[in-house]
file coords02.tsv (TSV, C-alpha atoms)
chain	number	residue	atom	x	y	z
I	1	MET	CA	53.72	224.97	60.56
I	2	ARG	CA	51.49	222.09	59.43
I	3	PHE	CA	50.25	219.56	61.92
I	4	ILE	CA	47.00	217.78	62.60
I	5	ASP	CA	45.23	219.04	65.70
I	6	PRO	CA	43.57	216.57	68.08
I	7	ASP	CA	39.89	216.12	67.22
I	8	GLY	CA	38.92	212.73	68.57
I	9	ARG	CA	39.46	210.60	65.46
I	10	ASP	CA	40.51	206.95	65.57
I	11	PHE	CA	39.60	204.07	63.19
I	12	THR	CA	37.41	204.39	60.12
I	13	ASP	CA	34.29	202.20	60.04
I	14	ARG	CA	35.87	199.70	57.66
I	15	ALA	CA	38.97	199.59	59.83
I	16	TRP	CA	36.82	198.73	62.84
I	17	ASP	CA	35.44	195.73	60.93
I	18	GLN	CA	38.99	194.38	60.61
I	19	ILE	CA	39.85	195.18	64.23
I	20	ILE	CA	36.76	193.32	65.44
I	21	LYS	CA	37.71	190.30	63.34
I	22	LEU	CA	41.21	190.20	64.81
I	23	SER	CA	39.91	190.86	68.33
I	24	LYS	CA	37.56	187.87	68.09
I	25	ASP	CA	40.46	185.68	67.03
I	26	ILE	CA	42.49	186.95	70.00
I	27	SER	CA	39.69	186.23	72.48
I	28	MET	CA	39.09	182.71	71.13
I	29	ARG	CA	42.77	181.83	71.16
I	30	MET	CA	43.31	183.19	74.66
I	31	TRP	CA	40.35	181.20	75.98
I	32	ASP	CA	41.56	178.06	74.21
I	33	ASN	CA	45.08	178.55	75.60
I	34	LEU	CA	43.73	179.00	79.15
I	35	GLU	CA	41.80	175.73	78.81
I	36	LYS	CA	44.93	173.95	77.61
I	37	ILE	CA	46.94	175.40	80.50
I	38	LYS	CA	44.30	174.25	82.96
I	39	ASN	CA	44.33	170.71	81.54
I	40	LEU	CA	48.12	170.57	81.58
I	41	ASN	CA	48.21	171.71	85.21
I	42	ASN	CA	45.64	169.03	86.08
I	43	GLU	CA	47.85	166.39	84.45
I	44	ILE	CA	50.85	167.63	86.43
I	45	SER	CA	48.86	167.66	89.69
I	46	ALA	CA	47.67	164.09	89.09
I	47	GLY	CA	51.28	162.92	89.33
I	48	GLY	CA	52.84	159.85	87.79
I	49	LEU	CA	54.81	161.76	85.16
I	50	SER	CA	58.45	161.14	84.39
I	51	THR	CA	60.93	164.00	84.66
I	52	LYS	CA	60.98	164.26	80.88
I	53	GLN	CA	57.17	164.33	80.64
I	54	LEU	CA	56.95	166.91	83.41
I	55	ARG	CA	59.48	169.16	81.70
I	56	LYS	CA	57.62	168.86	78.40
I	57	LYS	CA	54.28	169.85	79.93
I	58	ARG	CA	55.79	172.80	81.77
I	59	ASN	CA	57.40	173.98	78.54
I	60	GLU	CA	54.01	173.72	76.84
I	61	ILE	CA	52.47	175.83	79.62
I	62	ASN	CA	55.21	178.46	79.28
I	63	LYS	CA	54.68	178.58	75.52
I	64	LEU	CA	50.92	179.07	75.91
I	65	GLN	CA	51.41	181.73	78.58
I	66	ASN	CA	53.89	183.62	76.38
I	67	GLU	CA	51.45	183.45	73.49
I	68	ASN	CA	48.68	184.89	75.65
I	69	ARG	CA	50.95	187.71	76.78
I	70	GLY	CA	51.61	188.54	73.14
I	71	LEU	CA	47.88	188.49	72.40
I	72	VAL	CA	47.16	190.81	75.32
I	73	THR	CA	49.85	193.21	74.11
I	74	THR	CA	48.30	193.19	70.63
I	75	ARG	CA	44.87	193.98	72.06
I	76	ASP	CA	46.30	196.79	74.21
I	77	GLU	CA	47.90	198.34	71.12
I	78	PHE	CA	44.47	198.39	69.41
I	79	ARG	CA	43.16	200.36	72.37
I	80	THR	CA	46.00	202.86	72.09
I	81	LEU	CA	45.20	203.40	68.43
I	82	ALA	CA	41.48	203.72	69.18
I	83	LYS	CA	42.18	206.58	71.62
I	84	SER	CA	44.34	208.47	69.13
I	85	ASN	CA	43.38	211.67	67.34
I	86	GLN	CA	45.05	210.23	64.22
I	87	VAL	CA	42.72	208.43	61.79
I	88	TYR	CA	43.71	204.85	60.96
I	89	ASP	CA	42.17	203.17	57.92
I	90	ILE	CA	42.31	199.56	56.76
I	91	TYR	CA	41.25	198.36	53.32
I	92	THR	CA	41.90	195.81	50.60
I	93	ASP	CA	44.49	196.81	48.02
I	94	ASN	CA	46.41	194.42	45.78
I	95	SER	CA	48.70	197.02	44.24
I	96	LEU	CA	51.69	195.81	46.25
I	97	SER	CA	51.17	192.14	45.36
I	98	THR	CA	52.65	190.48	42.28
I	99	SER	CA	51.16	187.95	39.88
I	100	GLY	CA	52.98	184.78	38.90
I	101	PRO	CA	53.24	182.96	35.56
I	102	VAL	CA	50.19	180.89	36.53
I	103	PHE	CA	47.32	181.58	38.92
I	104	GLY	CA	48.29	181.16	42.56
I	105	MET	CA	52.04	181.57	42.06
I	106	GLY	CA	52.28	185.29	42.77
I	107	THR	CA	53.19	186.92	46.05
I	108	ASN	CA	50.83	188.68	48.44
I	109	ALA	CA	52.01	191.90	50.03
I	110	GLY	CA	50.50	194.43	52.40
I	111	GLY	CA	51.60	197.90	53.37
I	112	ALA	CA	51.31	200.66	55.94
I	113	ARG	CA	51.80	204.32	55.08
I	114	TYR	CA	50.69	207.84	55.83
I	115	ASN	CA	48.23	209.15	53.26
I	116	PHE	CA	49.39	212.65	52.36
I	117	SER	CA	46.16	213.26	50.44
I	118	ASN	CA	43.69	212.90	53.30
I	119	GLY	CA	45.81	212.73	56.47
I	120	ASN	CA	44.90	209.14	57.33
I	121	PHE	CA	47.35	206.39	58.14
I	122	ASP	CA	46.47	203.61	55.70
I	123	ILE	CA	46.87	199.87	56.11
I	124	LEU	CA	46.70	198.04	52.78
I	125	LEU	CA	45.84	194.34	52.79
I	126	PRO	CA	45.91	191.87	49.88
I	127	SER	CA	42.53	190.33	49.16
I	128	SER	CA	43.83	186.82	49.86
I	129	GLY	CA	45.87	187.80	52.93
I	130	GLY	CA	45.09	186.38	56.36
I	131	LEU	CA	45.17	187.79	59.87
I	132	SER	CA	48.96	187.70	59.92
I	133	PHE	CA	49.04	190.46	57.28
I	134	LEU	CA	46.68	192.56	59.34
I	135	ALA	CA	48.66	191.98	62.54
I	136	HIS	CA	51.94	192.82	60.79
I	137	GLU	CA	50.69	196.11	59.36
I	138	LEU	CA	48.84	197.10	62.54
I	139	LYS	CA	52.18	196.84	64.32
I	140	HIS	CA	53.47	199.55	61.99
I	141	ALA	CA	50.42	201.66	62.82
I	142	TYR	CA	51.22	201.34	66.51
I	143	GLN	CA	54.85	202.20	65.80
I	144	PHE	CA	53.67	205.31	63.97
I	145	GLU	CA	51.40	206.26	66.86
I	146	THR	CA	54.24	206.00	69.37
I	147	GLY	CA	56.95	207.78	67.39
I	148	ASN	CA	58.83	204.66	66.33
I	149	PHE	CA	57.89	204.72	62.64
I	150	SER	CA	57.88	207.37	59.95
I	151	SER	CA	56.27	207.23	56.53
I	152	GLY	CA	57.67	209.07	53.55
I	153	TYR	CA	59.81	209.03	50.45
I	154	MET	CA	63.38	208.52	51.69
I	155	ILE	CA	64.76	205.23	50.41
I	156	ASN	CA	66.50	204.50	53.72
I	157	GLY	CA	63.33	205.13	55.74
I	158	SER	CA	64.53	208.32	57.41
I	159	PRO	CA	63.96	209.55	59.95
I	160	PHE	CA	62.42	206.69	62.00
I	161	TYR	CA	61.58	203.73	59.74
I	162	ASP	CA	64.22	201.02	60.04
I	163	LYS	CA	64.85	197.29	59.92
I	164	HIS	CA	64.00	196.86	63.59
I	165	ASP	CA	60.47	198.07	62.81
I	166	GLU	CA	60.13	195.25	60.30
I	167	ILE	CA	61.53	192.71	62.74
I	168	GLU	CA	58.85	193.70	65.28
I	169	ALA	CA	56.16	193.50	62.60
I	170	TYR	CA	57.25	190.04	61.46
I	171	GLU	CA	57.32	188.88	65.09
I	172	ARG	CA	53.75	190.09	65.45
I	173	GLY	CA	52.76	188.36	62.22
I	174	GLU	CA	54.27	185.09	63.50
I	175	LEU	CA	51.94	185.29	66.49
I	176	PHE	CA	49.07	185.07	64.02
I	177	ARG	CA	50.55	182.18	62.03
I	178	GLY	CA	52.43	184.34	59.56
I	179	PRO	CA	55.83	183.66	57.93
I	180	THR	CA	58.57	182.55	60.31
I	181	GLY	CA	62.32	183.03	60.27
I	182	LYS	CA	62.30	186.74	59.42
I	183	THR	CA	63.02	188.22	62.82
I	184	THR	CA	66.68	189.21	62.50
I	185	ILE	CA	68.31	191.87	60.34
I	186	GLN	CA	70.10	189.16	58.39
I	187	SER	CA	66.91	187.20	57.67
I	188	LEU	CA	64.71	190.07	56.50
I	189	PRO	CA	63.62	189.90	52.84
I	190	SER	CA	65.86	191.73	50.37
I	191	GLU	CA	63.21	194.41	49.79
I	192	TYR	CA	64.34	195.97	53.09
I	193	ASP	CA	68.05	196.07	52.22
I	194	ASN	CA	68.05	199.85	51.72
I	195	LEU	CA	66.48	200.59	55.09
I	196	GLN	CA	68.65	202.00	57.86
I	197	ASN	CA	69.44	199.35	60.48
I	198	GLY	CA	68.25	201.37	63.46
I	199	PRO	CA	66.69	201.25	65.90
I	200	MET	CA	65.76	204.90	65.43
I	201	ASP	CA	62.73	206.64	66.90
I	202	ALA	CA	61.55	210.02	68.15
I	203	THR	CA	62.94	209.48	71.66
I	204	ARG	CA	66.47	209.43	70.21
I	205	LEU	CA	66.16	212.96	68.84
I	206	PRO	CA	68.10	215.73	70.60
I	207	GLN	CA	65.90	217.25	73.30
I	208	ILE	CA	65.89	220.65	71.60
I	209	ILE	CA	64.30	219.08	68.49
I	210	LEU	CA	61.95	216.78	70.40
I	211	THR	CA	60.44	219.67	72.38
I	212	THR	CA	60.34	222.29	69.63
I	213	PRO	CA	57.47	221.95	67.11
I	214	GLY	CA	59.27	224.20	64.63
I	215	GLU	CA	62.31	221.91	64.63
I	216	LEU	CA	60.12	218.84	64.19
I	217	GLN	CA	58.46	220.51	61.24
I	218	LYS	CA	61.86	221.20	59.71
I	219	LEU	CA	62.71	217.52	60.15
I	220	VAL	CA	59.60	216.23	58.35
I	221	THR	CA	60.14	218.75	55.56
I	222	ARG	CA	63.80	217.82	55.14
I	223	THR	CA	63.02	214.08	55.12
I	224	ARG	CA	59.75	214.36	53.13
I	225	SER	CA	57.97	212.30	55.74
I	226	ALA	CA	55.23	212.12	58.34
I	227	PHE	CA	55.53	211.01	61.96
I	228	ARG	CA	53.91	211.48	65.35
I	229	VAL	CA	55.50	213.04	68.43
I	230	ASN	CA	53.69	213.74	71.71
I	231	GLY	CA	50.30	213.02	70.18
I	232	ILE	CA	50.72	215.31	67.17
I	233	THR	CA	51.13	214.18	63.56
I	234	TYR	CA	53.73	216.19	61.68
I	235	ARG	CA	53.94	216.04	57.90
I	236	PHE	CA	55.81	217.82	55.15
call {"tool": "encode", "arguments": {"input": "coords02.tsv", "output": "structure tokens"}}
result
Amino acid sequence: MRFIDPDGRDFTDRAWDQIIKLSKDISMRMWDNLEKIKNLNNEISAGGLSTKQLRKKRNEINKLQNENRGLVTTRDEFRTLAKSNQVYDIYTDNSLSTSGPVFGMGTNAGGARYNFSNGNFDILLPSSGGLSFLAHELKHAYQFETGNFSSGYMINGSPFYDKHDEIEAYERGELFRGPTGKTTIQSLPSEYDNLQNGPMDATRLPQIILTTPGELQKLVTRTRSAFRVNGITYRF
């Protein structure tokens, strides 16, 4: 049986640089949102607003509060990854991007995958990508950590990678000003057409497989993949 034993690993040094950058953005945005909420509440308390104006300001408050909840969730997921015994790495890699006929007309693309050479989970970012790329791919890292995402060679993403994983990642990217309108199965880019619809994750496995390391090892071998279950990374 091949699995990675817990040994206190988390993010690489260069990954921490990226996490700190995103964490600073989260803190600044949360503080700014709280100030806006405070000002809106002061305007409401001052009175003199029409029903329409009052409804608009309350909707703005709800939007800001929802955004802050999403930011807190993102920060909490970083902490989960930091406590993991799985190594997570983040670095610049343009191999997934494409060049256009003239400069600036290509497409930027990032990626998240288990590195079968060194046992790390890699997050690849295009050199001109913003925080939305990082947030999107970090969502996949969290999915991997919690048994919702597998990385491997099956074209349909078996056993756990599916279209719902991408929907969650695009939703997270939107929170950091990434592309919008890609948060349904129908609206996902065509590159995900071959993925299973899902949702599929480790919790949906039969109990006998979920609680038997030997059966989990058979599953990663059969699907040529890597995934985490109960804090252990299994790989073929």
call {"tool": "closest_residue", "arguments": {"input": "coords02.tsv", "among": "I:Leu219, I:Leu64, I:Leu124, I:Val72", "to": "Asp93 (chain I)", "atoms": "all atoms listed in the file"}}
result
I:Leu124
call {"tool": "closest_residue", "arguments": {"input": "coords02.tsv", "among": "I:Leu71, I:Ile185, I:Ala82, I:Ala226", "to": "Ala135 (chain I)", "atoms": "all atoms listed in the file"}}
result
I:Leu71
call {"tool": "residues_around", "arguments": {"input": "coords02.tsv", "residues": "Thr74 (chain I)", "least_positions_apart": "2", "cutoff": "10 Å", "atoms": "all atoms listed in the file", "output": "compact mmCIF listing (two decimals) with C-alpha atoms, in the coordinates of the input"}}
result
# COMPACT_ATOMS: atom_id res chain seq x y z
CA LEU I 22 41.21 190.20 64.81
CA SER I 23 39.91 190.86 68.33
CA ILE I 26 42.49 186.95 70.00
CA ASN I 68 48.68 184.89 75.65
CA ARG I 69 50.95 187.71 76.78
CA GLY I 70 51.61 188.54 73.14
CA LEU I 71 47.88 188.49 72.40
CA VAL I 72 47.16 190.81 75.32
CA ASP I 76 46.30 196.79 74.21
CA GLU I 77 47.90 198.34 71.12
CA PHE I 78 44.47 198.39 69.41
CA ARG I 79 43.16 200.36 72.37
CA ALA I 135 48.66 191.98 62.54
CA LEU I 138 48.84 197.10 62.54
CA LYS I 139 52.18 196.84 64.32
CA TYR I 142 51.22 201.34 66.51
CA ARG I 172 53.75 190.09 65.45
CA LEU I 175 51.94 185.29 66.49
call {"tool": "closest_residue", "arguments": {"input": "coords02.tsv", "among": "I:Phe144, I:Tyr192, I:Tyr91, I:Phe236", "to": "Asp162 (chain I)", "atoms": "only C-alpha atoms"}}
result
I:Tyr192
call {"tool": "residues_around", "arguments": {"input": "coords02.tsv", "residues": "Arg177 (chain I)", "least_positions_apart": "5", "cutoff": "9 Å", "atoms": "all atoms listed in the file", "output": "NGL selection string"}}
result
:I and (130-132)
call {"tool": "atom_distance", "arguments": {"input": "coords02.tsv", "atom1": "CA of Arg14 (chain I)", "atom2": "CA of Ser97 (chain I)"}}
result
21.0 Å
call {"tool": "axis_aligned_box", "arguments": {"input": "coords02.tsv", "around": "region 220-223 of chain I", "padding_each_side": "8 Å", "output": "lines of an AutoDock Vina configuration file"}}
result
center_x = 61.7
center_y = 216.4
center_z = 56.7
size_x = 20.2
size_y = 20.7
size_z = 19.2
call {"tool": "closest_residue", "arguments": {"input": "coords02.tsv", "among": "I:Lys38, I:Glu191, I:Pro159, I:Tyr153", "to": "Lys218 (chain I)", "atoms": "all atoms listed in the file"}}
result
I:Pro159
call {"tool": "atom_distance", "arguments": {"input": "coords02.tsv", "atom1": "CA of Leu134 (chain I)", "atom2": "CA of Arg113 (chain I)"}}
result
13.5 Å
call {"tool": "closest_residue", "arguments": {"input": "coords02.tsv", "among": "I:Ile167, I:Ile208, I:Ile20, I:Met200", "to": "Leu188 (chain I)", "atoms": "only C-alpha atoms"}}
result
I:Ile167
call {"tool": "atom_distance", "arguments": {"input": "coords02.tsv", "atom1": "CA of Thr107 (chain I)", "atom2": "CA of Pro179 (chain I)"}}
result
12.6 Å
call {"tool": "residues_around", "arguments": {"input": "coords02.tsv", "residues": "Ser128 (chain I)", "least_positions_apart": "4", "cutoff": "10 Å", "atoms": "all atoms listed in the file", "output": "list in words"}}
result
Thr92, Asn94, Asn108, Ala109 and Phe133 of chain I
